[in-house]
$ cat protein-v1.txt   # compact mmCIF, C-alpha atoms and all ligand atoms
# COMPACT_ATOMS: atom_id res chain seq x y z
CA MET M 1 -95.32 -143.75 131.30
CA SER M 2 -95.40 -143.93 127.52
CA HIS M 3 -94.56 -140.28 126.81
CA ILE M 4 -91.50 -141.10 124.73
CA ILE M 5 -93.19 -143.77 122.63
CA GLU M 6 -96.32 -141.69 122.06
CA THR M 7 -94.40 -138.55 121.16
CA SER M 8 -92.14 -140.53 118.84
CA ILE M 9 -95.16 -142.03 117.05
CA GLU M 10 -96.57 -138.51 116.60
CA LEU M 11 -93.22 -137.36 115.20
CA LEU M 12 -92.85 -140.30 112.83
CA LYS M 13 -96.40 -139.84 111.53
CA ARG M 14 -95.42 -136.35 110.39
CA PHE M 15 -91.71 -136.47 109.52
CA PRO M 16 -89.12 -138.89 108.19
CA LEU M 17 -86.52 -139.08 110.97
CA CYS M 18 -83.41 -141.25 110.99
CA ASN M 19 -82.35 -143.06 114.17
CA SER M 20 -79.99 -140.24 115.17
CA CYS M 21 -82.44 -137.42 114.55
CA LEU M 22 -85.19 -139.20 116.53
CA GLY M 23 -82.87 -140.31 119.32
CA ARG M 24 -81.37 -136.84 119.59
CA GLN M 25 -84.72 -135.49 120.85
CA PHE M 26 -84.18 -137.55 124.04
CA SER M 27 -80.42 -137.40 124.07
CA ARG M 28 -79.90 -135.81 127.47
CA LEU M 29 -82.04 -138.40 129.27
CA TYR M 30 -79.26 -140.93 128.83
CA PRO M 31 -76.13 -139.53 127.20
CA LEU M 32 -74.20 -142.79 127.55
CA LEU M 33 -76.00 -144.19 124.52
CA SER M 34 -75.49 -142.60 121.14
CA ASN M 35 -78.48 -140.83 119.64
CA SER M 36 -78.52 -143.40 116.90
CA GLU M 37 -78.82 -146.24 119.44
CA LEU M 38 -81.56 -144.38 121.33
CA GLY M 39 -83.51 -143.75 118.13
CA ARG M 40 -83.26 -147.37 117.05
CA ILE M 41 -84.40 -148.65 120.46
CA ILE M 42 -87.44 -146.35 120.35
CA LYS M 43 -88.34 -147.47 116.83
CA ILE M 44 -88.05 -151.16 117.77
CA LEU M 45 -90.29 -150.54 120.79
CA ILE M 46 -92.86 -148.87 118.54
CA LEU M 47 -92.66 -151.87 116.20
CA LEU M 48 -93.33 -154.22 119.14
CA GLU M 49 -96.29 -152.08 120.21
CA VAL M 50 -97.72 -152.12 116.69
CA ILE M 51 -97.37 -155.92 116.44
CA HIS M 52 -98.88 -156.38 119.89
CA GLU M 53 -101.81 -154.13 119.01
CA PHE M 54 -102.44 -156.14 115.83
CA LYS M 55 -102.31 -159.49 117.66
CA VAL M 56 -104.88 -158.27 120.14
CA SER M 57 -107.21 -156.25 117.90
CA LYS M 58 -106.73 -158.07 114.55
CA LYS M 59 -107.17 -154.69 112.83
CA ARG M 60 -105.11 -155.29 109.68
CA GLY M 61 -105.72 -151.84 108.16
CA SER M 62 -104.29 -149.80 111.01
CA PHE M 63 -101.49 -152.36 111.49
CA LEU M 64 -100.32 -151.97 107.89
CA SER M 65 -100.62 -148.21 108.07
CA ASP M 66 -98.44 -148.10 111.22
CA MET M 67 -95.96 -150.41 109.54
CA ARG M 68 -95.78 -148.10 106.52
CA MET M 69 -95.03 -145.21 108.86
CA LEU M 70 -92.17 -147.18 110.44
CA ILE M 71 -90.74 -148.03 107.02
CA LYS M 72 -91.22 -144.70 105.24
CA ASN M 73 -90.52 -142.27 108.04
CA GLY M 74 -88.54 -144.52 110.35
CA GLY M 75 -86.47 -146.39 107.77
CA LEU M 76 -86.80 -149.48 109.97
CA GLN M 77 -85.55 -152.61 108.16
CA GLU M 78 -87.25 -154.96 110.65
CA ALA M 79 -90.60 -153.33 109.84
CA LEU M 80 -89.97 -153.75 106.10
CA LEU M 81 -89.19 -157.47 106.51
CA LEU M 82 -92.43 -158.08 108.35
CA TYR M 83 -94.47 -155.88 106.03
CA LYS M 84 -93.35 -157.90 103.00
CA HIS M 85 -94.79 -160.96 104.67
CA TYR M 86 -98.24 -159.35 104.54
CA VAL M 87 -98.00 -157.31 101.35
CA LYS M 88 -96.14 -159.24 98.67
CA LYS M 89 -95.76 -156.57 96.02
CA SER M 90 -94.63 -153.65 98.08
CA SER M 91 -92.71 -150.76 96.56
CA ILE M 92 -92.55 -148.82 99.79
CA ARG M 93 -89.21 -147.10 100.42
CA PRO M 94 -87.72 -145.17 103.34
CA GLU M 95 -87.68 -141.41 102.86
CA LYS M 96 -84.76 -139.12 103.51
CA CYS M 97 -84.54 -137.75 107.06
CA ILE M 98 -86.07 -134.29 107.15
CA LEU M 99 -83.38 -132.92 109.47
CA CYS M 100 -80.01 -134.40 108.52
CA LYS M 101 -80.98 -135.30 104.93
CA GLY M 102 -79.36 -138.69 105.38
CA PHE M 103 -76.06 -137.40 106.74
CA PHE M 104 -76.01 -139.59 109.85
CA GLY M 105 -76.48 -142.69 107.72
CA GLU M 106 -73.25 -141.83 105.91
CA LEU M 107 -71.04 -140.75 108.79
CA ASP M 108 -68.35 -143.33 108.05
CA LYS M 109 -68.21 -142.34 104.40
CA GLU M 110 -68.04 -138.63 105.23
CA ALA M 111 -65.34 -139.22 107.85
CA SER M 112 -63.26 -141.02 105.22
CA ARG M 113 -63.77 -138.18 102.76
CA ILE M 114 -62.53 -135.69 105.36
CA VAL M 115 -59.47 -137.83 106.10
CA GLU M 116 -58.79 -137.95 102.37
CA ALA M 117 -59.04 -134.16 102.10
CA LEU M 118 -56.63 -133.75 105.02
CA LYS M 119 -54.07 -136.05 103.47
CA GLU M 120 -52.06 -133.37 101.72
CA TYR M 121 -51.30 -131.61 105.01
CA ASP M 122 -48.99 -132.38 107.90
CA PHE M 123 -50.68 -131.95 111.26
CA ASN M 124 -50.30 -133.17 114.81
CA SER M 125 -53.72 -132.18 116.10
CA PHE M 126 -57.04 -131.43 114.49
CA LEU M 127 -60.55 -130.16 114.99
CA VAL M 128 -63.59 -131.11 112.97
CA GLY M 129 -66.86 -129.25 112.76
CA CYS M 130 -69.90 -128.82 110.60
CA HIS M 131 -71.95 -126.15 109.02
CA VAL M 132 -75.69 -126.61 109.36
CA ASN M 133 -78.10 -124.48 107.40
CA PRO M 134 -80.02 -122.29 109.88
CA ARG M 135 -83.25 -123.50 108.23
CA ILE M 136 -82.59 -126.99 109.59
CA GLU M 137 -81.90 -125.76 113.11
CA GLN M 138 -85.01 -123.61 112.94
CA LEU M 139 -87.13 -126.55 111.81
CA GLU M 140 -85.76 -128.70 114.63
CA ASP M 141 -86.52 -125.92 117.13
CA GLU M 142 -90.08 -125.68 115.84
CA ILE M 143 -90.54 -129.44 116.16
CA LYS M 144 -89.12 -129.35 119.68
CA SER M 145 -91.46 -126.62 120.82
CA LYS M 146 -94.53 -128.08 119.09
CA TYR M 147 -94.06 -131.54 120.63
CA GLY M 148 -92.75 -130.35 123.99
CA LEU M 149 -89.36 -132.04 123.52
CA ARG M 150 -87.11 -130.90 126.36
CA TRP M 151 -84.23 -133.37 126.33
CA GLY M 152 -82.69 -132.85 122.95
CA GLU M 153 -79.30 -131.49 121.96
CA ASN M 154 -78.26 -129.33 119.03
CA ILE M 155 -77.69 -131.23 115.80
CA ARG M 156 -74.26 -129.62 115.40
CA PHE M 157 -73.03 -131.09 118.67
CA GLU M 158 -73.94 -134.55 117.50
CA VAL M 159 -72.34 -134.18 114.06
CA ASP M 160 -69.15 -132.75 115.60
CA ARG M 161 -68.94 -135.50 118.21
CA GLU M 162 -69.60 -138.37 115.81
CA LEU M 163 -67.13 -137.09 113.23
CA ALA M 164 -64.50 -136.33 115.87
CA SER M 165 -64.59 -139.83 117.31
CA ARG M 166 -64.30 -141.39 113.85
CA LEU M 167 -61.47 -139.10 112.75
CA SER M 168 -59.61 -139.53 116.03
CA GLN M 169 -59.66 -143.25 115.51
CA ILE M 170 -58.68 -143.22 111.84
CA LEU M 171 -55.94 -140.62 112.30
CA ASN M 172 -54.86 -141.88 115.70
CA LEU M 173 -54.65 -138.27 116.88
CA PRO M 174 -56.37 -136.37 119.68
CA LEU M 175 -58.94 -133.70 119.01
CA ASP M 176 -57.67 -130.26 119.98
CA ARG M 177 -60.32 -127.61 120.59
CA LYS M 178 -57.90 -124.89 121.65
CA ARG M 179 -55.05 -124.83 119.17
CA PRO M 180 -55.52 -127.41 116.46
CA ASP M 181 -53.05 -127.47 113.59
CA ILE M 182 -55.88 -128.00 111.15
CA VAL M 183 -59.65 -127.58 111.10
CA ALA M 184 -62.06 -129.35 108.75
CA VAL M 185 -65.64 -128.15 108.45
CA ILE M 186 -68.22 -130.08 106.46
CA ASP M 187 -71.50 -128.69 105.21
CA LEU M 188 -74.33 -130.99 106.19
CA GLU M 189 -76.31 -130.45 102.99
CA SER M 190 -73.79 -129.83 100.22
CA ARG M 191 -71.21 -132.10 101.92
CA GLU M 192 -68.52 -129.62 100.91
CA ILE M 193 -65.40 -129.78 103.05
CA GLU M 194 -63.56 -126.62 104.00
CA ILE M 195 -60.08 -126.88 105.46
CA THR M 196 -58.36 -124.21 107.50
CA VAL M 197 -54.70 -124.74 108.26
CA ASN M 198 -53.48 -122.86 111.28
CA SER M 199 -50.13 -121.13 111.24
CA LEU M 200 -46.89 -122.84 112.08
CA PHE M 201 -44.57 -120.86 114.36
CA ILE M 202 -40.81 -121.14 114.37
CA LYS M 203 -38.61 -119.17 116.74
CA GLY M 204 -34.92 -118.52 116.83
CA ARG M 205 -32.37 -115.70 116.72
CA TYR M 206 -30.96 -113.87 113.76
CA ARG M 207 -27.72 -112.07 113.15
CA LYS M 208 -27.45 -109.45 110.44
CA LEU M 209 -23.90 -109.35 109.18
CA GLU M 210 -24.41 -106.86 106.37
CA ARG M 211 -25.87 -103.35 106.40
CA GLY M 212 -28.84 -102.38 104.25
CA ILE M 213 -31.08 -105.32 105.08
CA ALA M 214 -34.51 -104.48 106.48
CA GLN M 215 -36.08 -106.62 109.18
CA THR M 216 -39.50 -107.21 107.65
CA ARG M 217 -40.57 -107.23 104.03
CA THR M 218 -40.51 -103.71 102.68
CA THR M 219 -40.00 -101.69 99.52
CA TRP M 220 -37.72 -98.83 98.59
CA ARG M 221 -39.09 -96.57 95.84
CA GLY M 222 -41.54 -99.24 94.82
CA GLU M 223 -38.95 -102.01 94.61
CA PRO M 224 -38.77 -104.78 97.21
CA ILE M 225 -35.50 -104.77 99.11
CA ASP M 226 -33.81 -107.60 100.96
CA SER M 227 -35.10 -108.21 104.44
CA ILE M 228 -34.44 -110.77 107.14
CA GLU M 229 -38.04 -111.89 106.66
CA SER M 230 -37.89 -112.28 102.88
CA MET M 231 -34.58 -114.11 103.03
CA ILE M 232 -35.70 -116.56 105.71
CA ALA M 233 -39.15 -116.91 104.14
CA SER M 234 -37.77 -117.81 100.72
CA ILE M 235 -36.37 -121.00 102.22
CA VAL M 236 -38.95 -121.67 104.94
CA LEU M 237 -41.82 -121.53 102.43
CA ASN M 238 -40.01 -124.12 100.35
CA PHE M 239 -39.67 -126.40 103.36
CA THR M 240 -43.25 -125.95 104.57
CA GLY M 241 -45.28 -125.27 101.43
CA GLY M 242 -46.86 -122.36 103.31
CA SER M 243 -48.63 -119.49 101.55
CA ASP M 244 -47.01 -116.53 103.30
CA THR M 245 -45.10 -115.46 106.41
CA ARG M 246 -45.30 -112.90 109.17
CA PHE M 247 -42.19 -111.88 111.00
CA HIS M 248 -42.20 -110.87 114.65
CA GLY M 249 -38.90 -109.58 116.03
CA ALA M 250 -37.95 -108.71 119.60
CA GLY M 251 -37.52 -105.07 118.63
CA ARG M 252 -35.71 -104.01 115.49
CA GLU M 253 -32.53 -102.31 114.40
CA ASP M 254 -32.17 -99.65 111.73
CA ILE M 255 -31.82 -100.93 108.20
CA ASP M 256 -28.22 -99.65 108.06
CA ALA M 257 -27.26 -101.15 111.43
CA ARG M 258 -25.86 -104.64 111.74
CA MET M 259 -27.19 -107.05 114.35
CA LEU M 260 -24.25 -108.92 115.81
CA GLY M 261 -23.43 -110.72 119.06
CA PRO M 262 -25.81 -113.51 120.08
CA GLY M 263 -28.46 -112.23 117.66
CA ARG M 264 -32.01 -110.98 118.02
CA PRO M 265 -34.89 -113.31 118.91
CA PHE M 266 -37.72 -113.60 116.42
CA VAL M 267 -40.79 -115.68 115.71
CA LEU M 268 -41.70 -116.50 112.15
CA GLU M 269 -45.33 -117.31 111.50
CA ILE M 270 -45.94 -119.49 108.44
CA LEU M 271 -49.44 -119.26 107.04
CA SER M 272 -51.25 -122.37 105.75
CA PRO M 273 -48.29 -124.76 105.89
CA ARG M 274 -48.67 -128.11 104.13
CA ARG M 275 -45.71 -129.59 105.94
CA ARG M 276 -44.98 -128.83 109.57
CA ASN M 277 -42.90 -131.75 110.77
CA ILE M 278 -39.81 -130.32 109.15
CA ASP M 279 -36.15 -130.75 110.05
CA LEU M 280 -35.23 -127.44 111.69
CA LYS M 281 -31.52 -128.21 111.79
CA LYS M 282 -31.58 -128.75 108.05
CA LEU M 283 -33.59 -125.54 107.57
CA GLU M 284 -31.08 -123.62 109.66
CA ARG M 285 -28.16 -124.99 107.64
CA GLU M 286 -29.89 -124.19 104.37
CA ILE M 287 -30.61 -120.55 105.33
CA ASN M 288 -27.08 -120.03 106.61
CA ARG M 289 -25.56 -121.59 103.52
CA ARG M 290 -27.68 -119.60 101.08
CA TYR M 291 -27.16 -116.26 102.84
CA ALA M 292 -23.65 -116.83 104.15
CA ARG M 293 -21.95 -113.61 105.36
CA ARG M 294 -25.22 -111.67 104.98
CA ILE M 295 -27.51 -113.09 107.64
CA GLU M 296 -27.40 -116.02 110.00
CA VAL M 297 -30.12 -117.81 111.97
CA LEU M 298 -29.46 -119.70 115.17
CA ASN M 299 -31.25 -122.10 117.45
CA LEU M 300 -34.43 -122.60 115.41
CA GLN M 301 -37.22 -124.24 117.41
CA PHE M 302 -40.93 -124.87 117.01
CA ALA M 303 -42.96 -122.21 118.78
CA SER M 304 -46.57 -121.25 119.41
CA LYS M 305 -48.74 -118.18 119.01
CA LYS M 306 -47.96 -117.26 122.63
CA ASP M 307 -44.34 -116.73 121.69
CA VAL M 308 -45.35 -113.85 119.41
CA GLN M 309 -46.62 -111.85 122.38
CA ARG M 310 -43.63 -112.89 124.44
CA ILE M 311 -41.18 -111.78 121.80
CA LYS M 312 -42.82 -108.35 121.57
CA LEU M 313 -42.51 -107.86 125.32
CA MET M 314 -38.91 -109.02 125.15
CA GLY M 315 -38.15 -106.30 122.63
CA GLU M 316 -39.62 -103.64 124.90
CA ARG M 317 -37.79 -104.75 128.02
CA ALA M 318 -34.34 -105.29 126.60
CA LYS M 319 -31.03 -103.67 127.45
CA LYS M 320 -28.94 -103.19 124.34
CA THR M 321 -25.30 -102.72 123.57
CA TYR M 322 -24.39 -100.75 120.45
CA ARG M 323 -21.14 -100.09 118.70
CA ALA M 324 -21.13 -96.74 116.89
CA LEU M 325 -18.63 -95.16 114.56
CA ILE M 326 -18.72 -91.40 115.18
CA GLU M 327 -17.37 -88.70 112.94
CA LEU M 328 -16.54 -85.32 114.48
CA GLU M 329 -15.98 -81.92 112.90
CA LYS M 330 -12.71 -81.39 114.73
CA GLU M 331 -10.27 -83.37 116.78
CA ILE M 332 -10.86 -83.68 120.54
CA SER M 333 -8.52 -84.13 123.50
CA ASP M 334 -8.19 -87.13 125.81
CA GLU M 335 -9.80 -85.01 128.53
CA GLU M 336 -12.82 -84.45 126.32
CA ILE M 337 -13.09 -88.19 125.69
CA GLN M 338 -12.94 -88.73 129.44
CA MET M 339 -15.66 -86.11 129.93
CA LEU M 340 -17.90 -87.73 127.31
CA GLN M 341 -17.55 -91.05 129.07
CA GLU M 342 -18.46 -89.57 132.44
CA LYS M 343 -21.37 -87.45 131.23
CA LEU M 344 -22.85 -90.25 129.17
CA SER M 345 -22.84 -92.97 131.82
CA ASP M 346 -25.74 -93.81 134.13
CA VAL M 347 -27.76 -90.91 132.80
CA LYS M 348 -31.34 -90.29 131.67
CA ILE M 349 -31.62 -89.32 128.03
CA LEU M 350 -34.61 -87.20 127.03
CA GLN M 351 -35.54 -87.82 123.48
CA ARG M 352 -38.27 -86.49 121.22
CA THR M 353 -39.20 -88.70 118.27
CA PRO M 354 -36.32 -88.27 115.78
CA LEU M 355 -36.98 -86.03 112.79
CA ARG M 356 -36.10 -88.91 110.44
CA VAL M 357 -38.95 -91.10 111.72
CA LEU M 358 -41.49 -88.35 112.43
CA HIS M 359 -43.30 -89.11 109.17
CA ARG M 360 -44.35 -92.53 110.47
CA ARG M 361 -44.28 -92.16 114.27
CA GLY M 362 -46.10 -89.71 116.51
CA ASP M 363 -44.07 -86.94 118.13
CA LYS M 364 -43.45 -88.15 121.66
CA LEU M 365 -41.01 -87.38 124.44
CA ARG M 366 -39.23 -90.49 125.74
CA GLN M 367 -36.97 -90.93 128.67
CA LYS M 368 -34.47 -93.78 128.31
CA HIS M 369 -31.60 -94.86 130.46
CA LEU M 370 -28.05 -94.87 129.19
CA TYR M 371 -26.17 -97.26 131.47
CA SER M 372 -22.66 -96.74 130.18
CA SER M 373 -20.61 -95.34 127.33
CA SER M 374 -17.04 -95.86 126.33
CA PHE M 375 -15.11 -94.11 123.58
CA ARG M 376 -11.96 -94.93 121.71
CA ARG M 377 -10.14 -92.73 119.24
CA ILE M 378 -9.58 -94.52 115.94
CA GLY M 379 -8.67 -91.56 113.75
CA ASP M 380 -8.18 -87.79 114.00
CA THR M 381 -11.89 -87.11 113.93
CA LEU M 382 -13.18 -90.67 114.29
CA LEU M 383 -14.37 -92.28 117.50
CA GLU M 384 -15.63 -95.74 118.20
CA ALA M 385 -18.25 -95.78 120.95
CA VAL M 386 -19.96 -98.56 122.85
CA PHE M 387 -23.30 -97.65 124.44
CA VAL M 388 -25.32 -99.83 126.81
CA CYS M 389 -28.88 -98.49 126.97
CA ASP M 390 -32.58 -99.25 127.24
CA ALA M 391 -34.32 -100.65 124.19
CA GLY M 392 -35.98 -97.87 122.24
CA LEU M 393 -33.22 -95.29 122.66
CA TYR M 394 -32.35 -93.82 119.27
CA VAL M 395 -28.55 -94.04 119.19
CA LYS M 396 -27.95 -92.03 116.03
CA GLU M 397 -29.68 -89.09 117.72
CA LEU M 398 -27.80 -89.72 120.95
CA VAL M 399 -24.74 -88.91 118.87
CA SER M 400 -26.06 -86.05 116.71
CA GLY M 401 -28.46 -84.43 119.18
CA ASP M 402 -31.09 -84.19 116.41
CA ASN M 403 -31.47 -80.38 116.61
CA GLU M 404 -31.56 -80.59 120.39
CA ARG M 405 -34.46 -83.01 120.31
CA THR M 406 -32.18 -85.46 122.19
CA ILE M 407 -30.59 -84.21 125.40
CA PRO M 408 -27.79 -84.70 126.30
CA SER M 409 -25.92 -85.88 123.21
CA VAL M 410 -22.33 -86.31 122.04
CA SER M 411 -22.78 -83.11 120.00
CA SER M 412 -24.15 -81.06 122.89
CA ILE M 413 -21.41 -82.17 125.29
CA LEU M 414 -18.58 -81.49 122.82
CA GLY M 415 -20.12 -78.31 121.41
CA GLN M 416 -19.64 -79.51 117.83
CA ASN M 417 -21.54 -81.62 115.31
CA ALA M 418 -21.03 -85.34 115.74
CA ILE M 419 -22.50 -87.85 113.30
CA CYS M 420 -23.07 -91.58 113.67
CA LYS M 421 -21.51 -93.11 110.56
CA GLU M 422 -22.06 -96.78 111.38
CA LEU M 423 -24.09 -98.62 113.94
CA ASP M 424 -24.10 -102.23 115.09
CA VAL M 425 -26.14 -103.93 117.77
CA ILE M 426 -23.61 -106.12 119.50
CA ASN M 427 -25.67 -107.48 122.35
CA ILE M 428 -29.24 -107.63 123.60
CA GLU M 429 -29.89 -108.55 127.18
CA TYR M 430 -33.45 -109.48 128.04
CA ILE M 431 -34.68 -108.58 131.47
CA ARG M 432 -37.46 -109.64 133.85
CA GLY M 433 -37.25 -113.27 132.97
CA VAL M 434 -38.73 -113.10 129.48
ZN ZN H 1 -81.44 -137.54 110.45
$ encode --input "protein-v1.txt" --output "structure tokens"
Amino acid sequence: MSHIIETSIELLKRFPLCNSCLGRQFSRLYPLLSNSELGRIIKILILLEVIHEFKVSKKRGSFLSDMRMLIKNGGLQEALLLYKHYVKKSSIRPEKCILCKGFFGELDKEASRIVEALKEYDFNSFLVGCHVNPRIEQLEDEIKSKYGLRWGENIRFEVDRELASRLSQILNLPLDRKRPDIVAVIDLESREIEITVNSLFIKGRYRKLERGIAQTRTTWRGEPIDSIESMIASIVLNFTGGSDTRFHGAGREDIDARMLGPGRPFVLEILSPRRRNIDLKKLEREINRRYARRIEVLNLQFASKKDVQRIKLMGERAKKTYRALIELEKEISDEEIQMLQEKLSDVKILQRTPLRVLHRRGDKLRQKHLYSSSFRRIGDTLLEAVFVCDAGLYVKELVSGDNERTIPSVSSILGQNAICKELDVINIEYIRGV
């Protein structure tokens, strides 16, 4: 019946153990009490046993030795009070817990330090954890196996739980194990606090009103050139205090094509933001004011990591409408325009990877659907065309034929070289409910 008391006495004879580290060895027997409460109850019971033993046996020597154990290795104040009654000049002091090194005695202080460290960041959910030197876990495992302790829990679980409940209360925020905005990890021994700020995601649509702007950050002959990402990021990073951005677009247009109509959806990931509760309307206005007539962002909203995947799928499943300016070698008749329209509507286009992108993409044969085409003469050898096609169809090659790597093409149907001089995306329609 006295297994717990006897084992605890054996433990305390050998090792200094704080209330939590002793109680934790029996944690799963009654999880409704904290380990610290369990440990204290056990120590008080041992104290009562020791006093009872002394009253019955009158053996002062073993009584004082047991009391010293409770003070030194158990840190029990009640034992110290009584001991001083018997030994006036006592210099006996509690020793530091062999497992947590005194950490559990300073939980409130450490929780406050973590809150202080988190202060410079905006966050709406958090996670707290700890780093425990493997030596400590190994020592605890050895103790468990040597003394046949079967009801304990891992020290990390206790630290995490105790810190989480304190932080939750101080911050008045829930703990989020899945997608916390911020994670604080404290080292049990060094007490160093490491903070990881998870990315902030903002989604919206962009319109590119000027040619020559890349979508993501890129360089041309070693020099950075303007991109949708760099332009948006320059302002977003100011708003959020983030360290960097990653841009995820629902597909992309060529650098020399404009992106008009309702715009192209994108998700911007902001790394390590200090501020995340920002005014998106204000951000939108600021971007559109700074880059007026060059780019425009619309409908900015807070997003999540899931939206990144969603936006990629959207890009793959879209139906796009392009406006192309086509230059011909020689003039064509109205009948030929009519023929182009007929032959380039509701037709499968077979397309090998264009020569101009072969250096960065594998050579692949694609089959894309061209839903409709319409052509309008705007000069002797100039046509304006509107194509509605699957995402991923290379429109410049649909015009030129790309050395017969794209079949059919405007060139192949007319029997002369046609070149796409200008290209705009004027609409993107997303299908299958994404
Ligand atoms: Zn301890």
$ residues_around --input "protein-v1.txt" --residues "region 210-214 of chain M" --least-positions-apart "3" --cutoff "10 Å" --atoms "all atoms listed in the file" --output "MDAnalysis selection string"
chainID M and resid 207 217:219 225:231 252:260 293:295 422:424
$ residues_near_ligand --input "protein-v1.txt" --ligand "ligand ZN 1 (chain H)" --cutoff "9 Å" --atoms "only C-alpha atoms and all ligand atoms" --output "list in words"
Pro16, Leu17, Cys18, Asn19, Ser20, Cys21, Leu22, Lys96, Cys97, Ile98, Leu99, Cys100, Lys101, Gly102, Phe103, Phe104 and Gly105 of chain M
$ atom_distance --input "protein-v1.txt" --atom1 "CA of Gly415 (chain M)" --atom2 "CA of Lys319 (chain M)"
28.3 Å
$ atom_distance --input "protein-v1.txt" --atom1 "CA of His3 (chain M)" --atom2 "CA of Arg93 (chain M)"
27.8 Å
$ closest_residue --input "protein-v1.txt" --among "M:Glu153, M:Glu335, M:Glu95, M:Glu110" --to "Glu137 (chain M)" --atoms "all atoms listed in the file"
M:Glu153
$ residues_around --input "protein-v1.txt" --residues "Pro134 (chain M)" --least-positions-apart "3" --cutoff "12 Å" --atoms "only C-alpha atoms" --output "PyMOL selection string"
chain M and resi 99+131+137-141+154-156+187-189
$ atom_distance --input "protein-v1.txt" --atom1 "CA of Leu370 (chain M)" --atom2 "CA of Val308 (chain M)"
27.5 Å
$ closest_residue --input "protein-v1.txt" --among "M:Lys59, M:Ala111, M:Ile426, M:Tyr394" --to "Val159 (chain M)" --atoms "only C-alpha atoms"
M:Ala111
$ closest_residue --input "protein-v1.txt" --among "M:Phe54, M:Phe201, M:Tyr121, M:Tyr86" --to "Phe247 (chain M)" --atoms "all atoms listed in the file"
M:Phe201
